[in-house]
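To be precise, the following lines are protein_33.csv, and they hold CSV, C-alpha atoms.
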chain,number,residue,atom,x,y,z
Y,500,MET,CA,5.5,14.4,-9.7
Y,501,LYS,CA,8.3,12.4,-11.4
Y,502,ARG,CA,7.9,8.6,-11.7
Y,503,LEU,CA,11.3,7.7,-10.3
Y,504,PRO,CA,10.8,9.2,-6.8
Y,505,LEU,CA,7.3,7.9,-6.8
Y,506,ALA,CA,8.4,4.4,-7.7
Y,507,ALA,CA,11.0,4.7,-4.9
Y,508,ALA,CA,8.3,5.7,-2.4
Y,509,LEU,CA,6.1,2.8,-3.4
Y,510,ALA,CA,9.0,0.4,-3.2
Y,511,ALA,CA,9.8,1.7,0.3
Y,512,PHE,CA,6.3,1.1,1.4
Y,513,PHE,CA,6.4,-2.4,-0.1
Y,514,VAL,CA,9.6,-3.2,1.9
Y,515,LEU,CA,8.0,-1.7,5.1
Y,516,LEU,CA,5.0,-4.1,4.7
Y,517,LEU,CA,7.3,-7.0,3.9
Y,518,TRP,CA,9.5,-6.3,7.0
Y,519,SER,CA,6.9,-5.1,9.5
Y,520,VAL,CA,3.6,-6.5,8.6
Y,521,SER,CA,3.5,-9.6,6.4
Y,522,VAL,CA,4.5,-11.0,3.0
Y,523,ARG,CA,0.9,-11.4,2.1
Y,524,GLN,CA,0.0,-7.8,2.7
Y,525,ALA,CA,3.1,-6.7,0.7
Y,526,VAL,CA,1.9,-8.8,-2.2
Y,527,LEU,CA,-1.6,-7.4,-1.9
Y,528,PHE,CA,-0.2,-3.9,-2.0
Y,529,LEU,CA,1.4,-4.8,-5.4
Y,530,VAL,CA,-2.0,-6.1,-6.5
Y,531,GLY,CA,-3.6,-2.9,-5.4
Y,532,ILE,CA,-1.0,-0.9,-7.4
Y,533,GLY,CA,-2.0,-3.0,-10.4
Y,534,PHE,CA,-5.6,-2.2,-9.8
Y,535,GLY,CA,-4.8,1.5,-9.7
Y,536,ALA,CA,-2.6,1.4,-12.7
Y,537,ALA,CA,-5.2,-0.5,-14.7
Y,538,LEU,CA,-8.2,1.6,-13.7
Y,539,ALA,CA,-6.4,4.9,-14.2
Y,540,GLY,CA,-4.4,3.9,-17.2
Y,541,ALA,CA,-7.5,2.6,-19.1
Y,542,ARG,CA,-9.7,5.2,-17.5
Y,543,PHE,CA,-11.9,2.2,-16.7
Y,544,GLY,CA,-14.9,3.9,-15.1
Y,545,PHE,CA,-18.1,2.0,-14.3
Y,546,THR,CA,-20.0,5.3,-13.9
Y,547,THR,CA,-18.8,6.7,-17.2
Y,548,GLY,CA,-19.6,3.4,-19.0
Y,549,TRP,CA,-23.2,3.5,-17.8
Y,550,ARG,CA,-23.6,7.2,-18.5
Y,551,ARG,CA,-22.3,6.8,-22.1
Y,552,LEU,CA,-24.7,3.9,-22.7
Y,553,VAL,CA,-27.7,5.9,-21.6
Y,554,GLU,CA,-26.9,9.3,-22.9
Y,555,GLN,CA,-25.0,8.5,-26.1
Y,556,ARG,CA,-26.0,5.0,-26.9
Y,557,ASP,CA,-22.3,4.2,-26.7
Y,558,PRO,CA,-21.9,0.5,-25.6
Y,559,ARG,CA,-18.1,0.3,-25.4
Y,560,GLY,CA,-17.8,1.0,-21.7
Y,561,VAL,CA,-20.6,-1.5,-20.7
Y,562,TYR,CA,-19.2,-4.1,-23.1
Y,563,GLY,CA,-15.8,-3.6,-21.4
Y,564,GLN,CA,-17.5,-4.2,-18.0
Y,565,LEU,CA,-19.4,-7.3,-19.3
Y,566,LEU,CA,-16.1,-8.7,-20.6
Y,567,LEU,CA,-14.5,-8.0,-17.2
Y,568,LEU,CA,-17.3,-9.8,-15.4
Y,569,ALA,CA,-17.2,-12.8,-17.8
Y,570,LEU,CA,-13.4,-13.2,-17.6
Y,571,ALA,CA,-13.3,-12.8,-13.8
Y,572,ALA,CA,-16.2,-15.2,-13.2
Y,573,SER,CA,-14.5,-17.7,-15.5
Y,574,LEU,CA,-11.4,-17.5,-13.3
Y,575,ALA,CA,-13.0,-17.1,-9.9
Y,576,MET,CA,-15.8,-19.7,-9.9
Y,577,PRO,CA,-13.6,-22.8,-10.7
Y,578,LEU,CA,-11.2,-21.6,-8.0
Y,579,LEU,CA,-14.1,-21.2,-5.5
Y,580,GLY,CA,-15.2,-24.7,-6.4
Y,581,ARG,CA,-11.7,-26.2,-6.0
Y,582,PHE,CA,-10.4,-24.4,-2.8
Y,583,GLY,CA,-12.6,-24.4,0.2
Y,584,GLU,CA,-10.6,-21.6,1.8
Y,585,LEU,CA,-11.7,-19.0,-0.7
Y,586,GLN,CA,-14.8,-17.0,0.1
Y,587,ALA,CA,-17.4,-15.5,-2.2
Y,588,ALA,CA,-18.7,-12.0,-1.8
Y,589,LEU,CA,-22.0,-13.1,-0.3
Y,590,GLY,CA,-24.4,-10.3,0.8
Y,591,PRO,CA,-28.0,-10.8,2.0
Y,592,PRO,CA,-30.8,-10.0,-0.5
Y,593,SER,CA,-32.7,-7.5,1.6
Y,594,VAL,CA,-34.6,-4.2,1.7
Y,595,SER,CA,-31.3,-2.6,2.7
Y,596,LEU,CA,-29.7,-3.9,-0.6
Y,597,LEU,CA,-32.6,-2.6,-2.8
Y,598,VAL,CA,-32.5,0.9,-1.2
Y,599,GLY,CA,-28.7,1.0,-1.0
Y,600,ALA,CA,-28.0,0.0,-4.5
Y,601,PHE,CA,-30.6,2.4,-6.0
Y,602,VAL,CA,-29.2,5.3,-4.0
Y,603,PHE,CA,-25.6,4.4,-4.8
Y,604,GLY,CA,-26.3,4.3,-8.5
Y,605,LEU,CA,-27.9,7.7,-8.3
Y,606,ALA,CA,-25.1,9.2,-6.2
Y,607,MET,CA,-22.3,7.8,-8.2
Y,608,GLN,CA,-23.5,9.8,-11.3
Y,609,VAL,CA,-23.6,13.0,-9.3
Y,610,ALA,CA,-20.3,12.4,-7.7
Y,611,ASP,CA,-18.8,11.3,-11.1
Y,612,GLY,CA,-17.2,8.2,-9.7
Y,613,CYS,CA,-18.3,4.9,-8.1
Y,614,GLY,CA,-16.2,3.2,-5.4
Y,615,SER,CA,-13.2,2.3,-7.6
Y,616,GLY,CA,-13.7,5.5,-9.7
Y,617,THR,CA,-13.6,7.8,-6.8
Y,618,LEU,CA,-10.4,6.0,-5.5
Y,619,TYR,CA,-8.5,6.1,-8.8
Y,620,LYS,CA,-9.5,9.6,-9.6
Y,621,ALA,CA,-8.4,10.7,-6.1
Y,622,GLY,CA,-5.1,9.0,-6.9
Y,623,LEU,CA,-4.9,10.9,-10.2
Y,624,GLY,CA,-5.4,14.1,-8.3
Y,625,VAL,CA,-8.9,15.1,-9.4
Y,626,PRO,CA,-9.8,17.7,-6.7
Y,627,LEU,CA,-13.5,16.7,-6.3
Y,628,ASN,CA,-12.7,13.0,-5.9
Y,629,MET,CA,-9.9,13.8,-3.4
Y,630,ALA,CA,-12.3,15.9,-1.3
Y,631,ILE,CA,-15.0,13.2,-1.6
Y,632,LEU,CA,-12.9,10.4,-0.3
Y,633,PRO,CA,-13.0,11.3,3.5
Y,634,LEU,CA,-16.8,11.9,3.2
Y,635,PHE,CA,-17.2,8.6,1.4
Y,636,ALA,CA,-15.3,7.0,4.3
Y,637,LEU,CA,-17.5,8.8,6.9
Y,638,GLY,CA,-20.7,7.7,5.0
Y,639,SER,CA,-19.4,4.1,4.8
Y,640,PHE,CA,-18.8,4.1,8.6
Y,641,LEU,CA,-22.2,5.5,9.4
Y,642,GLY,CA,-23.8,3.0,7.1
Y,643,SER,CA,-22.0,0.1,8.8
Y,644,VAL,CA,-23.1,1.4,12.2
Y,645,GLN,CA,-26.8,1.4,11.1
Y,646,VAL,CA,-26.8,-1.5,8.7
Y,647,GLN,CA,-28.3,-3.9,11.3
Y,648,ASP,CA,-31.3,-1.5,11.7
Y,649,TRP,CA,-31.8,-1.6,8.0
Y,650,LEU,CA,-31.7,-5.4,7.9
Y,651,VAL,CA,-34.6,-5.6,10.4
Y,652,LEU,CA,-36.8,-4.3,7.5
Y,653,GLY,CA,-36.4,-7.6,5.8
Y,654,GLN,CA,-33.7,-10.0,4.5
Y,655,VAL,CA,-33.1,-13.5,3.4
Y,656,GLN,CA,-29.9,-15.5,3.8
Y,657,PRO,CA,-27.1,-14.8,1.2
Y,658,VAL,CA,-27.4,-17.1,-1.8
Y,659,GLY,CA,-24.1,-18.4,-3.4
Y,660,LEU,CA,-24.6,-20.0,-6.8
Y,661,VAL,CA,-21.3,-21.9,-6.6
Y,662,GLN,CA,-22.3,-23.4,-3.3
Y,663,ALA,CA,-25.8,-24.1,-4.4
Y,664,TRP,CA,-25.2,-25.5,-7.9
Y,665,GLY,CA,-21.5,-26.2,-8.2
Y,666,ALA,CA,-18.9,-24.2,-10.1
Y,667,GLY,CA,-19.7,-25.4,-13.6
Y,668,PRO,CA,-23.5,-24.7,-13.6
Y,669,ALA,CA,-23.0,-21.4,-11.7
Y,670,LEU,CA,-20.5,-20.2,-14.3
Y,671,ALA,CA,-22.7,-21.3,-17.2
Y,672,ALA,CA,-25.7,-19.4,-15.7
Y,673,THR,CA,-23.5,-16.3,-15.1
Y,674,LEU,CA,-22.1,-16.3,-18.6
Y,675,LEU,CA,-25.6,-16.8,-20.1
Y,676,ALA,CA,-27.0,-13.9,-18.0
Y,677,LEU,CA,-24.1,-11.6,-19.1
Y,678,LEU,CA,-24.7,-12.6,-22.7
Y,679,ALA,CA,-28.3,-11.7,-22.4
Y,680,ILE,CA,-27.4,-8.3,-21.1
Y,681,ALA,CA,-24.9,-7.9,-24.0
Y,682,GLY,CA,-27.7,-8.8,-26.4
Y,683,ALA,CA,-30.1,-6.3,-24.7
Y,684,VAL,CA,-27.5,-3.5,-24.9
Y,685,ARG,CA,-26.8,-4.3,-28.6
Y,686,LEU,CA,-30.6,-4.0,-29.3
Y,687,TRP,CA,-30.7,-0.6,-27.4
Y,688,VAL,CA,-27.7,0.9,-29.3
Y,689,GLY,CA,-28.5,-0.4,-32.7
Y,690,PRO,CA,-26.4,-2.5,-35.1
Y,691,ASP,CA,-23.9,0.2,-36.3
Y,692,ARG,CA,-22.2,1.1,-33.1
Y,693,PRO,CA,-18.7,-0.3,-32.3
Y,694,LEU,CA,-18.9,-2.6,-29.3
Y,695,PHE,CA,-15.3,-2.7,-28.1
Y,696,GLU,CA,-12.6,-0.2,-27.6
Y,697,LYS,CA,-8.9,-1.1,-27.0
Y,698,ARG,CA,-8.6,0.6,-23.6
Y,699,TRP,CA,-11.7,-1.0,-22.2
Y,700,VAL,CA,-10.6,-4.4,-23.4
Y,701,TRP,CA,-7.1,-4.3,-21.9
Y,702,GLY,CA,-8.5,-2.7,-18.8
Y,703,ALA,CA,-10.9,-5.6,-18.4
Y,704,VAL,CA,-8.3,-8.3,-19.0
Y,705,ALA,CA,-5.9,-6.6,-16.5
Y,706,LEU,CA,-8.5,-6.1,-13.8
Y,707,ALA,CA,-9.8,-9.7,-14.2
Y,708,VAL,CA,-6.3,-11.1,-13.7
Y,709,LEU,CA,-5.6,-8.8,-10.7
Y,710,ALA,CA,-9.0,-9.6,-9.1
Y,711,THR,CA,-8.2,-13.3,-9.4
Y,712,LEU,CA,-4.8,-12.7,-7.8
Y,713,ASN,CA,-6.6,-10.9,-5.0
Y,714,LEU,CA,-8.9,-13.8,-4.5
Y,715,VAL,CA,-6.1,-16.4,-4.5
Y,716,VAL,CA,-3.8,-14.5,-2.2
Y,717,ALA,CA,-6.2,-12.9,0.2
Y,718,GLY,CA,-8.8,-15.7,0.1
Y,719,GLN,CA,-11.6,-13.1,-0.5
Y,720,PRO,CA,-12.8,-11.1,-3.5
Y,721,TRP,CA,-11.7,-7.6,-4.3
Y,722,GLY,CA,-13.5,-5.0,-2.1
Y,723,ILE,CA,-13.2,-1.2,-1.5
Y,724,VAL,CA,-15.8,0.1,0.9
Y,725,TYR,CA,-15.0,-1.9,4.0
Y,726,GLY,CA,-11.6,-0.4,4.2
Y,727,PHE,CA,-12.9,3.2,4.2
Y,728,GLY,CA,-15.5,2.4,6.9
Y,729,LEU,CA,-12.8,0.9,9.0
Y,730,TRP,CA,-10.6,4.0,8.7
Y,731,ALA,CA,-13.4,6.3,9.7
Y,732,ALA,CA,-14.4,4.0,12.5
Y,733,LYS,CA,-10.8,4.1,13.8
Y,734,GLY,CA,-10.9,7.9,13.8
Y,735,ALA,CA,-14.3,8.1,15.5
Y,736,HIS,CA,-13.2,5.6,18.1
Y,737,ALA,CA,-10.0,7.5,18.8
Y,738,LEU,CA,-11.9,10.8,19.2
Y,739,GLY,CA,-14.2,9.2,21.7
Y,740,LEU,CA,-17.2,9.7,19.4
Y,741,PHE,CA,-18.1,6.1,19.1
Y,742,ASP,CA,-18.2,3.0,21.3
Y,743,PRO,CA,-17.8,-0.1,19.1
Y,744,ALA,CA,-18.9,-2.4,22.0
Y,745,GLN,CA,-22.4,-0.9,21.7
Y,746,ASN,CA,-22.7,-1.5,18.0
Y,747,ALA,CA,-23.7,-4.8,16.5
Y,748,PHE,CA,-21.5,-4.5,13.4
Y,749,TRP,CA,-18.3,-3.2,15.1
Y,750,SER,CA,-18.6,-5.4,18.2
Y,751,ALA,CA,-18.6,-8.6,16.0
Y,752,ALA,CA,-15.4,-10.5,16.5
Y,753,GLY,CA,-13.6,-9.9,13.2
Y,754,ASN,CA,-14.6,-6.3,12.9
Y,755,ALA,CA,-13.6,-5.5,16.5
Y,756,ASP,CA,-10.2,-7.2,15.9
Y,757,ARG,CA,-9.6,-5.1,12.8
Y,758,LEU,CA,-10.6,-2.0,14.6
Y,759,ALA,CA,-7.9,-2.6,17.2
Y,760,GLN,CA,-5.2,-3.8,14.7
Y,761,SER,CA,-3.2,-1.7,12.3
Y,762,ALA,CA,-5.0,-0.9,9.1
Y,763,LEU,CA,-2.0,-2.3,7.3
Y,764,LEU,CA,-3.2,-5.8,8.3
Y,765,ASP,CA,-6.6,-5.3,6.7
Y,766,VAL,CA,-6.9,-6.7,3.2
Y,767,THR,CA,-9.2,-4.1,1.7
Y,768,SER,CA,-7.3,-1.2,3.3
Y,769,ILE,CA,-4.0,-2.4,1.8
Y,770,THR,CA,-5.4,-2.9,-1.8
Y,771,ASN,CA,-7.1,0.6,-1.5
Y,772,ILE,CA,-3.7,2.2,-0.6
Y,773,GLY,CA,-2.1,0.3,-3.4
Y,774,LEU,CA,-4.9,1.4,-5.8
Y,775,LEU,CA,-4.3,5.1,-4.8
Y,776,GLY,CA,-0.5,4.6,-5.3
Y,777,GLY,CA,-1.0,2.9,-8.7
Y,778,ALA,CA,-3.2,5.8,-9.9
Y,779,LEU,CA,-0.7,8.3,-8.6
Y,780,TRP,CA,2.0,6.6,-10.6
Y,781,VAL,CA,-0.1,6.8,-13.8
Y,782,SER,CA,-0.9,10.5,-13.1
Y,783,ALA,CA,2.8,11.3,-13.5
Y,784,ARG,CA,2.3,10.7,-17.2
Y,785,LYS,CA,-1.4,11.1,-17.6
Y,786,PRO,CA,-2.6,13.7,-15.0
Y,787,GLY,CA,-6.3,13.7,-14.1
Y,788,GLU,CA,-8.4,16.5,-15.5
Y,789,ALA,CA,-9.3,19.2,-12.9
Y,790,LYS,CA,-12.6,20.6,-14.1
Y,791,GLN,CA,-13.6,24.1,-12.8
Y,792,LEU,CA,-16.7,23.7,-10.6
Y,793,ARG,CA,-19.0,26.2,-9.1
Y,794,ALA,CA,-19.5,26.3,-5.3
Y,795,ALA,CA,-22.9,24.7,-5.6
Y,796,GLN,CA,-21.5,21.9,-7.7
Y,797,TRP,CA,-18.8,21.2,-5.1
Y,798,ALA,CA,-21.4,21.1,-2.4
Y,799,VAL,CA,-23.6,18.7,-4.3
Y,800,GLY,CA,-20.7,16.5,-5.2
Y,801,LEU,CA,-19.5,16.3,-1.6
Y,802,VAL,CA,-22.9,15.4,-0.4
Y,803,ALA,CA,-23.2,12.8,-3.1
Y,804,GLY,CA,-19.9,11.3,-2.0
Y,805,PHE,CA,-21.1,11.0,1.6
Y,806,VAL,CA,-24.4,9.4,0.4
Y,807,MET,CA,-22.4,7.0,-1.8
Y,808,GLY,CA,-20.4,5.8,1.2
Y,809,TYR,CA,-23.5,5.3,3.3
Y,810,SER,CA,-25.5,3.6,0.6
Y,811,SER,CA,-22.7,1.3,-0.3
Y,812,ARG,CA,-22.8,-0.2,3.2
Y,813,LEU,CA,-26.5,-0.7,2.9
Y,814,ALA,CA,-26.0,-2.4,-0.5
Y,815,PHE,CA,-23.2,-4.7,0.9
Y,816,GLY,CA,-20.7,-3.2,-1.4
Y,817,CYS,CA,-20.2,-0.7,-4.2
Y,818,ASN,CA,-19.7,-1.5,-7.9
Y,819,VAL,CA,-16.7,-3.5,-6.9
Y,820,GLY,CA,-17.6,-5.3,-3.7
Y,821,ALA,CA,-21.2,-6.0,-4.6
Y,822,MET,CA,-21.5,-5.9,-8.4
Y,823,PHE,CA,-18.2,-7.1,-9.6
Y,824,SER,CA,-17.2,-9.4,-6.8
Y,825,GLY,CA,-20.7,-10.5,-6.1
Y,826,ILE,CA,-21.5,-11.5,-9.7
Y,827,THR,CA,-18.1,-13.0,-10.4
Y,828,THR,CA,-18.2,-15.2,-7.3
Y,829,GLY,CA,-21.8,-16.2,-7.8
Y,830,SER,CA,-23.6,-14.1,-5.2
Y,831,LEU,CA,-27.2,-13.4,-5.9
Y,832,HIS,CA,-26.9,-10.0,-4.2
Y,833,GLY,CA,-24.6,-8.9,-7.1
Y,834,TRP,CA,-27.4,-9.6,-9.6
Y,835,ILE,CA,-29.9,-7.6,-7.5
Y,836,TRP,CA,-27.4,-4.8,-7.1
Y,837,MET,CA,-26.8,-4.2,-10.8
Y,838,PRO,CA,-30.4,-3.4,-12.0
Y,839,MET,CA,-31.2,-1.4,-8.8
Y,840,ALA,CA,-28.1,0.7,-9.3
Y,841,PHE,CA,-28.8,1.1,-13.0
Y,842,MET,CA,-32.3,2.4,-12.1
Y,843,GLY,CA,-30.7,4.8,-9.6
Y,844,THR,CA,-28.3,5.9,-12.4
Y,845,LEU,CA,-31.2,6.9,-14.7
Y,846,LEU,CA,-32.4,9.3,-12.0
Y,847,GLY,CA,-28.8,10.4,-11.1
Y,848,LEU,CA,-28.2,11.4,-14.8
Y,849,ARG,CA,-31.2,13.7,-14.7
Y,850,LEU,CA,-30.0,15.2,-11.5
Y,851,ARG,CA,-26.5,15.5,-12.9
Y,852,ARG,CA,-27.8,17.5,-15.9
Y,853,ARG,CA,-29.9,19.7,-13.6
Y,854,ILE,CA,-26.9,20.6,-11.5
Y,855,GLY,CA,-25.0,21.4,-14.7
Y,856,PHE,CA,-22.2,18.8,-14.6
Y,857,ALA,CA,-20.8,18.3,-18.0
W,555,MET,CA,-2.3,23.1,-12.3
W,556,THR,CA,-3.5,25.9,-9.9
W,557,VAL,CA,-1.9,26.5,-6.5
W,558,ARG,CA,-5.2,25.4,-4.9
W,559,THR,CA,-5.2,22.1,-6.7
W,560,ARG,CA,-1.5,21.5,-5.9
W,561,LEU,CA,-2.2,22.3,-2.2
W,562,LEU,CA,-5.2,20.0,-2.1
W,563,ARG,CA,-3.1,17.2,-3.6
W,564,TRP,CA,-0.3,17.5,-1.1
W,565,SER,CA,-2.8,17.8,1.8
W,566,PHE,CA,-4.5,14.7,0.6
W,567,TRP,CA,-1.3,12.6,0.6
W,568,ILE,CA,0.0,14.1,3.8
W,569,ALA,CA,-3.3,13.3,5.5
W,570,LEU,CA,-3.3,9.7,4.2
W,571,VAL,CA,0.3,9.0,5.2
W,572,GLY,CA,-0.2,10.7,8.5
W,573,PHE,CA,-3.3,8.7,9.3
W,574,LEU,CA,-1.6,5.4,8.4
W,575,ALA,CA,1.5,6.3,10.5
W,576,TRP,CA,-0.7,7.3,13.5
W,577,ASP,CA,-2.7,4.1,13.2
W,578,PHE,CA,0.4,1.9,12.9
W,579,VAL,CA,2.0,3.5,16.0
W,580,ARG,CA,-1.2,3.3,18.2
W,581,ALA,CA,-2.1,-0.2,17.3
W,582,PRO,CA,-0.6,-3.2,19.1
W,583,ALA,CA,2.6,-4.5,17.5
W,584,VAL,CA,2.1,-6.9,14.6
W,585,ASP,CA,2.6,-10.5,15.6
W,586,LEU,CA,5.2,-11.5,12.9
W,587,ARG,CA,5.2,-15.1,14.2
W,588,HIS,CA,1.6,-15.6,13.2
W,589,GLU,CA,1.5,-14.2,9.7
W,590,PRO,CA,-1.4,-15.2,7.4
W,591,PRO,CA,-0.4,-17.6,4.7
W,592,LEU,CA,1.1,-15.9,1.6
W,593,ILE,CA,-1.5,-17.6,-0.6
W,594,ALA,CA,-4.9,-18.4,1.0
W,595,ALA,CA,-5.9,-20.9,-1.8
W,596,GLY,CA,-4.8,-24.3,-0.6
W,597,SER,CA,-3.5,-23.1,2.8
W,598,GLY,CA,-6.2,-24.9,4.7
W,599,GLN,CA,-6.8,-21.8,6.8
W,600,VAL,CA,-10.1,-20.1,7.1
W,601,VAL,CA,-10.0,-16.6,5.8
W,602,GLN,CA,-10.9,-13.9,8.3
W,603,GLY,CA,-10.7,-10.7,6.4
W,604,GLY,CA,-13.4,-8.0,6.4
W,605,HIS,CA,-15.4,-7.5,3.2
W,606,CYS,CA,-18.0,-5.0,2.0
W,607,SER,CA,-20.5,-7.8,1.3
W,608,ALA,CA,-20.6,-9.0,4.9
W,609,ALA,CA,-23.5,-8.1,7.0
W,610,LYS,CA,-21.4,-8.5,10.1
Go ahead and render the structure in this file as structure tokens.
Amino acid sequence: MKRLPLAAALAAFFVLLLWSVSVRQAVLFLVGIGFGAALAGARFGFTTGWRRLVEQRDPRGVYGQLLLLALAASLAMPLLGRFGELQAALGPPSVSLLVGAFVFGLAMQVADGCGSGTLYKAGLGVPLNMAILPLFALGSFLGSVQVQDWLVLGQVQPVGLVQAWGAGPALAATLLALLAIAGAVRLWVGPDRPLFEKRWVWGAVALAVLATLNLVVAGQPWGIVYGFGLWAAKGAHALGLFDPAQNAFWSAAGNADRLAQSALLDVTSITNIGLLGGALWVSARKPGEAKQLRAAQWAVGLVAGFVMGYSSRLAFGCNVGAMFSGITTGSLHGWIWMPMAFMGTLLGLRLRRRIGFA
Amino acid sequence: MTVRTRLLRWSFWIALVGFLAWDFVRAPAVDLRHEPPLIAAGSGQVVQGGHCSAAK
């Protein structure tokens, strides 16, 4: 598709939001387009970065991610300390989180895309990721329906470092922890490996700025999974397959309201739509690669997409909502998510090789 | 690009736009008089958006 008609379509949607929904949602749509353009333009993949670190001892992707986390935390934490309206991505440390993050880390390697990766690759037109997206949404919805049952297995209250220690100490602790990870990665790969690559660096800077804009405008950190669960919940409710009044998650005041309202009023939905649009815009110049897959690989990929959606709800977010937004806004659950998902990834990589994914 | 890939891409975008249009039409009209603040930071208003990290 040519860029001009595409830009016109995105501009028309922006005007529709401005006119019929709200100025804030229109602005968040632009932020979402930025997310998509940055992720797709830099091919900024959390899944790929981890895979290259483990399989090739190539640290550039992970160093890009650490840079992103450090920059975004440096911007977000002082803002959270200054403005009481802004909310951190606080999820409860729980059995649900441990299981969900591990399974998510495994599934994202098989599906070749985390939450943001699946979304931007779908926007780029990669067939497997486009097909995965509805299943990811369905999994996310089912996870949200059952998350209260998982929480019964054990949980503690969410811990926010900014709230507990103040913005300065929370930021210092976060940067020190990121530095420790960077040091460990450096030891693992050896001294001769290049640590940074241009595309990962500009991707990290762009994403950190956009995530801060998301926080300042929406009042909440960047997220992905909630929007998909909401879309599937709307579908299930409309088809008469699901009664939200009988479910603890969807009968809660805010969720019930968003189920009834247009998805265009939902923050996460609107940035997700923008992200898809931004990636589509990039695909006009840099189309996504469409690998030829066997039927068995398709089947496994689709199942992994569903599992990823389900587990991301148990983990209180994917790589974006839990790891990125959790860590950068000082939530303890983000720091639990990362090692659990990495352990899942180690298993997922073995599974990936067994299935024959390149 | 194969015909199948092209078909999948068009189906994907048509389904997405169709879903959003259906949802917008079936949902109650947006109350434009009570818009959320353009910028949450400093608005004094409590944020009520849904987020992946929330248990409820």
Close residues, region 568-573 of chain W itself excluded, 12 Å, only C-alpha atoms, min 3 positions apart in chain, as a ChimeraX atom specification: /Y:508,512,621-622,629-630,632-633,727,730-731,733-734,737,761-763,768,771-772,775-776 /W:561-565,576-580
Chain Y near chain W within 7 Å: what's each residue's closest atom pair and its distance in Å to one decimal, counting only C-alpha atoms, ordered by chain then ascending residue number, as a Markdown table?
| residue | atom | partner | partner_atom | distance |
| --- | --- | --- | --- | --- |
| Y:Val520 | CA | W:Val584 | CA | 6.2 |
| Y:Ser521 | CA | W:Glu589 | CA | 6.0 |
| Y:Val522 | CA | W:Leu592 | CA | 6.1 |
| Y:Arg523 | CA | W:Leu592 | CA | 4.5 |
| Y:Phe582 | CA | W:Ala595 | CA | 5.8 |
| Y:Glu584 | CA | W:Val600 | CA | 5.5 |
| Y:Leu585 | CA | W:Ala595 | CA | 6.2 |
| Y:Ala588 | CA | W:Ser607 | CA | 5.5 |
| Y:Leu589 | CA | W:Ser607 | CA | 5.7 |
| Y:Gly590 | CA | W:Ser607 | CA | 4.7 |
| Y:Gly624 | CA | W:Arg563 | CA | 6.1 |
| Y:Pro626 | CA | W:Thr559 | CA | 6.4 |
| Y:Met629 | CA | W:Phe566 | CA | 6.8 |
| Y:Val715 | CA | W:Ala595 | CA | 5.3 |
| Y:Val716 | CA | W:Ile593 | CA | 4.2 |
| Y:Ala717 | CA | W:Ala594 | CA | 5.7 |
| Y:Gly718 | CA | W:Ala594 | CA | 4.8 |
| Y:Gly722 | CA | W:Cys606 | CA | 6.1 |
| Y:Val724 | CA | W:Cys606 | CA | 5.7 |
| Y:Tyr725 | CA | W:Cys606 | CA | 4.8 |
| Y:Phe748 | CA | W:Lys610 | CA | 5.2 |
| Y:Ala751 | CA | W:Lys610 | CA | 6.5 |
| Y:Gly753 | CA | W:Gln602 | CA | 6.9 |
| Y:Asn754 | CA | W:Gly604 | CA | 6.8 |
| Y:Ala759 | CA | W:Ala581 | CA | 6.3 |
| Y:Gln760 | CA | W:Ala581 | CA | 5.4 |
| Y:Ser761 | CA | W:Phe578 | CA | 5.1 |
| Y:Ala762 | CA | W:Asp577 | CA | 6.9 |
| Y:Asp765 | CA | W:Gly603 | CA | 6.8 |
| Y:Val766 | CA | W:Gly603 | CA | 6.4 |
| Y:Arg812 | CA | W:Cys606 | CA | 6.9 |
| Y:Phe815 | CA | W:Ser607 | CA | 4.1 |
| Y:Gly816 | CA | W:Cys606 | CA | 4.7 |
| Y:Gly820 | CA | W:Cys606 | CA | 5.7 |
| Y:Ala821 | CA | W:Ser607 | CA | 6.2 |
Selection as a list in words: residues within 9 Å of (-11.6, -7.1, -6.7), counting all atoms listed in the file: Phe534, Leu706, Ala707, Leu709, Ala710, Thr711, Leu712, Asn713, Leu714, Gln719, Pro720, Trp721, Gly722, Ile723, Thr770, Val819, Gly820, Phe823 and Ser824 of chain Y
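Of note, CA of Ser593 (chain Y) and CA of Ser639 (chain Y) are spaced 17.9 Å apart.
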Shell of 12 Å around region 652-662 of chain Y, all atoms listed in the file, local chain residues under 6 positions omitted, as a PyMOL selection string: (chain Y and resi 572-573+575-583+585-598+646+668-673+813-815+824-835) or (chain W and resi 607-609)
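Atom pair CA of Ala511 (chain Y) / CA of Leu774 (chain Y): separated by 15.9 Å.
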Residues near Gly612 (chain Y), cut-off 10 Å, all atoms listed in the file, skip fewer than 6 positions along chain, as a ChimeraX atom specification: /Y:544-547,604,606,618-621,627-628,631,804,807
For those residues, write C-alpha atoms to a file as a CSV table (one decimal), in the frame of the given file.
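Below you can see out-v1.csv, which holds the result:
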chain,number,residue,atom,x,y,z
Y,544,GLY,CA,-14.9,3.9,-15.1
Y,545,PHE,CA,-18.1,2.0,-14.3
Y,546,THR,CA,-20.0,5.3,-13.9
Y,547,THR,CA,-18.8,6.7,-17.2
Y,604,GLY,CA,-26.3,4.3,-8.5
Y,606,ALA,CA,-25.1,9.2,-6.2
Y,618,LEU,CA,-10.4,6.0,-5.5
Y,619,TYR,CA,-8.5,6.1,-8.8
Y,620,LYS,CA,-9.5,9.6,-9.6
Y,621,ALA,CA,-8.4,10.7,-6.1
Y,627,LEU,CA,-13.5,16.7,-6.3
Y,628,ASN,CA,-12.7,13.0,-5.9
Y,631,ILE,CA,-15.0,13.2,-1.6
Y,804,GLY,CA,-19.9,11.3,-2.0
Y,807,MET,CA,-22.4,7.0,-1.8
